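Engineer: Next up is a structure, given as structure tokens.
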Amino acid sequence: MVKGQSFIPTVAIILAIAAIGILFVLARSDLSAATGELSSTKAALSSVQEELSATKDELAASKLALAQATTQVGYRDPTYMEVRQFLQDDQTDQNQYIKDVYDCHNFAADVNLNAEAKGIRAAYVSIAFPDTGHAIVAFNTVDKGILYIEPQHDDEVLLTIGESYSNINGYQEPTTYDDTIVSYTVIW
């Protein structure tokens, strides 16, 4: 063996060990950084979970307050038969329609107020047509769900966006405006 030949493999081995050492130090540094990021992310997650828990508690408290307020006011959701009996007893539908004086909004408001005076929870329903609007009432019956009522006639009505209010409810179609339902809002 030549004197210089053993030196090359030894240098190669030393360089390889040094490279492995450097890679180990870099990997350890990357691992340390990743561990730091993980700790930071865990802390952020913990903070978000605490906020979520606090928000859930606030929501539960708000729901309870709403339920208590509703109970304190004394309004309750009726049965279907209670709504029918209320409408039979209520005389709002006997009022005379007078354009811009006593119209659909007044009928809806009066039925709503009369129902609440009897302890029955009712909603005012605002219906948007393309160029005008209409108002009715709703009851959330405990046995048949939401019931929409045309307060001028005490009729049960349907609301379907994109459909003519008159056509889907068997009323004469208006000639002076388009009564296609664009949207509606139920206000309890």
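Residue numbering restarts at 1 for every chain of the structure tokens, chains are lettered A, B, ... in their displayed order, and ligands are numbered from 1 as they appear.
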Would you mind listing, for every residue of region 85-109 of chain A within 9 Å of region 151-166 of chain A, the two atoms forming the shortest contact and the distance between them in Å to one decimal, using only C-alpha atoms, sorted by chain and ascending residue number, as a Markdown table?

Structural biologist:
```
| residue | atom | partner | partner_atom | distance |
| --- | --- | --- | --- | --- |
| A:Leu87 | CA | A:Asp154 | CA | 6.4 |
| A:Gln88 | CA | A:Asp154 | CA | 8.1 |
| A:Thr92 | CA | A:Gln152 | CA | 7.3 |
| A:Asp93 | CA | A:Gln152 | CA | 4.7 |
| A:Gln94 | CA | A:Gln152 | CA | 7.7 |
| A:Asn95 | CA | A:Gln152 | CA | 8.0 |
| A:Gln96 | CA | A:Gln152 | CA | 9.0 |
| A:Tyr97 | CA | A:Gln152 | CA | 8.2 |
| A:Asp103 | CA | A:Gln152 | CA | 8.9 |
| A:Cys104 | CA | A:Gln152 | CA | 7.1 |
| A:Phe107 | CA | A:Pro151 | CA | 5.8 |
| A:Ala108 | CA | A:Pro151 | CA | 5.8 |
```

Engineer: For the structure I just gave you, how does DSSP split chain A - specifically, which residues are alpha helix (DSSP H)? Reply as a PyMOL selection string.

Structural biologist: chain A and resi 7-73+80-89+104-117+165-169

Engineer: Which of these, A:Thr141, A:Ser47, A:Thr10, A:Gln91, has the shortest distance to Pro78 (chain A) once you count only C-alpha atoms?

Structural biologist: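 Closest candidate: A:Thr141.
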
Engineer: May I have a table of the residues of region 37-122 of chain A lying at most 12 Å from region 25-32 of chain A, giving each one's closest pair of atoms and their distance in Å to one decimal, counting only C-alpha atoms, ordered by chain and ascending residue number, as JSON lines?

Structural biologist:
```
{"residue": "A:Glu37", "atom": "CA", "partner": "A:Ser32", "partner_atom": "CA", "distance": 8.7}
{"residue": "A:Leu38", "atom": "CA", "partner": "A:Ser32", "partner_atom": "CA", "distance": 9.8}
{"residue": "A:Ser39", "atom": "CA", "partner": "A:Ser32", "partner_atom": "CA", "distance": 10.5}
```

Engineer: For the strand (DSSP E) assignment from backbone DSSP, which residues of region 30-167 of chain A qualify? Please present them as a list in words.

Structural biologist: Ala123, Tyr124, Val125, Ser126, Ile127, Ala128, Gly133, His134, Ala135, Ile136, Val137, Ala138, Phe139, Asn140, Thr141, Gly145, Ile146, Leu147, Tyr148, Ile149, Glu150, Asp155, Glu156 and Val157 of chain A

Engineer: Selection from above, N, CA and C atoms, as a short mmCIF file (atom, residue, chain, number, x, y, z; two decimals), in the first residue's frame, can you write it?

Structural biologist:
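Wrote it out as result_24.cif, contents follow:
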```
data_model
loop_
_atom_site.label_atom_id
_atom_site.label_comp_id
_atom_site.auth_asym_id
_atom_site.auth_seq_id
_atom_site.Cartn_x
_atom_site.Cartn_y
_atom_site.Cartn_z
N ALA A 123 -96.71 36.32 14.80
CA ALA A 123 -95.68 37.06 14.06
C ALA A 123 -96.32 37.93 13.00
N TYR A 124 -95.68 39.05 12.76
CA TYR A 124 -96.02 39.93 11.65
C TYR A 124 -95.15 39.47 10.49
N VAL A 125 -95.76 39.23 9.32
CA VAL A 125 -95.02 38.74 8.17
C VAL A 125 -95.09 39.79 7.06
N SER A 126 -93.92 40.28 6.68
CA SER A 126 -93.83 41.27 5.61
C SER A 126 -93.42 40.55 4.32
N ILE A 127 -94.26 40.68 3.30
CA ILE A 127 -94.02 40.01 2.02
C ILE A 127 -93.62 41.05 0.98
N ALA A 128 -92.54 40.80 0.26
CA ALA A 128 -92.08 41.72 -0.78
C ALA A 128 -92.49 41.18 -2.15
N GLY A 133 -95.75 45.47 -1.70
CA GLY A 133 -95.64 44.45 -0.67
C GLY A 133 -96.99 44.12 -0.07
N HIS A 134 -96.96 43.26 0.93
CA HIS A 134 -98.17 42.81 1.59
C HIS A 134 -97.79 42.40 3.00
N ALA A 135 -98.78 42.31 3.88
CA ALA A 135 -98.52 41.89 5.25
C ALA A 135 -99.57 40.87 5.68
N ILE A 136 -99.10 39.83 6.36
CA ILE A 136 -99.98 38.81 6.91
C ILE A 136 -99.46 38.49 8.31
N VAL A 137 -99.98 37.43 8.92
CA VAL A 137 -99.50 37.00 10.24
C VAL A 137 -99.12 35.53 10.19
N ALA A 138 -98.39 35.09 11.22
CA ALA A 138 -98.00 33.69 11.32
C ALA A 138 -98.10 33.25 12.77
N PHE A 139 -98.34 31.97 12.95
CA PHE A 139 -98.36 31.34 14.26
C PHE A 139 -97.47 30.11 14.17
N ASN A 140 -96.68 29.87 15.19
CA ASN A 140 -95.85 28.67 15.24
C ASN A 140 -96.60 27.64 16.08
N THR A 141 -97.45 26.86 15.44
CA THR A 141 -98.27 25.91 16.20
C THR A 141 -97.40 24.75 16.68
N GLY A 145 -96.65 23.13 13.14
CA GLY A 145 -95.59 24.02 12.67
C GLY A 145 -96.11 25.40 12.32
N ILE A 146 -95.36 26.10 11.47
CA ILE A 146 -95.69 27.48 11.09
C ILE A 146 -96.96 27.49 10.25
N LEU A 147 -97.84 28.38 10.64
CA LEU A 147 -99.12 28.54 9.96
C LEU A 147 -99.23 30.00 9.54
N TYR A 148 -99.33 30.26 8.23
CA TYR A 148 -99.47 31.63 7.72
C TYR A 148 -100.95 31.92 7.52
N ILE A 149 -101.38 33.11 7.98
CA ILE A 149 -102.79 33.49 7.91
C ILE A 149 -102.93 34.84 7.20
N GLU A 150 -103.87 34.90 6.25
CA GLU A 150 -104.25 36.16 5.61
C GLU A 150 -105.26 36.81 6.56
N ASP A 155 -107.85 33.28 6.25
CA ASP A 155 -107.50 32.10 5.44
C ASP A 155 -106.08 31.65 5.75
N GLU A 156 -105.87 30.33 5.72
CA GLU A 156 -104.51 29.80 5.76
C GLU A 156 -103.93 30.00 4.36
N VAL A 157 -102.71 30.52 4.29
CA VAL A 157 -102.09 30.78 3.00
C VAL A 157 -100.71 30.14 2.92
#
```

Engineer: So how many Å separate CA of Ala34 (chain A) and CA of Gln49 (chain A), to one decimal?

Structural biologist: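 CA of Ala34 (chain A) sits 22.0 Å away from CA of Gln49 (chain A).
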
Engineer: Measuring atom to atom with only C-alpha atoms, identify which of A:Ile181, A:Gln85, A:Gln172, A:Arg76 is nearest to Gly119 (chain A).

Structural biologist: A:Arg76

Engineer: Could you check how far CA of Glu116 (chain A) sits from CA of Asp77 (chain A), in Å to one decimal?

Structural biologist: 10.4 Å

Engineer: Ranking A:Ile17, A:Asp178, A:Lys42, A:Trp188 by minimum distance to Ala109 (chain A) and counting only C-alpha atoms, which one comes first?

Structural biologist: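 Looking at the shortest contact to Ala109 (chain A), the residue is A:Trp188.
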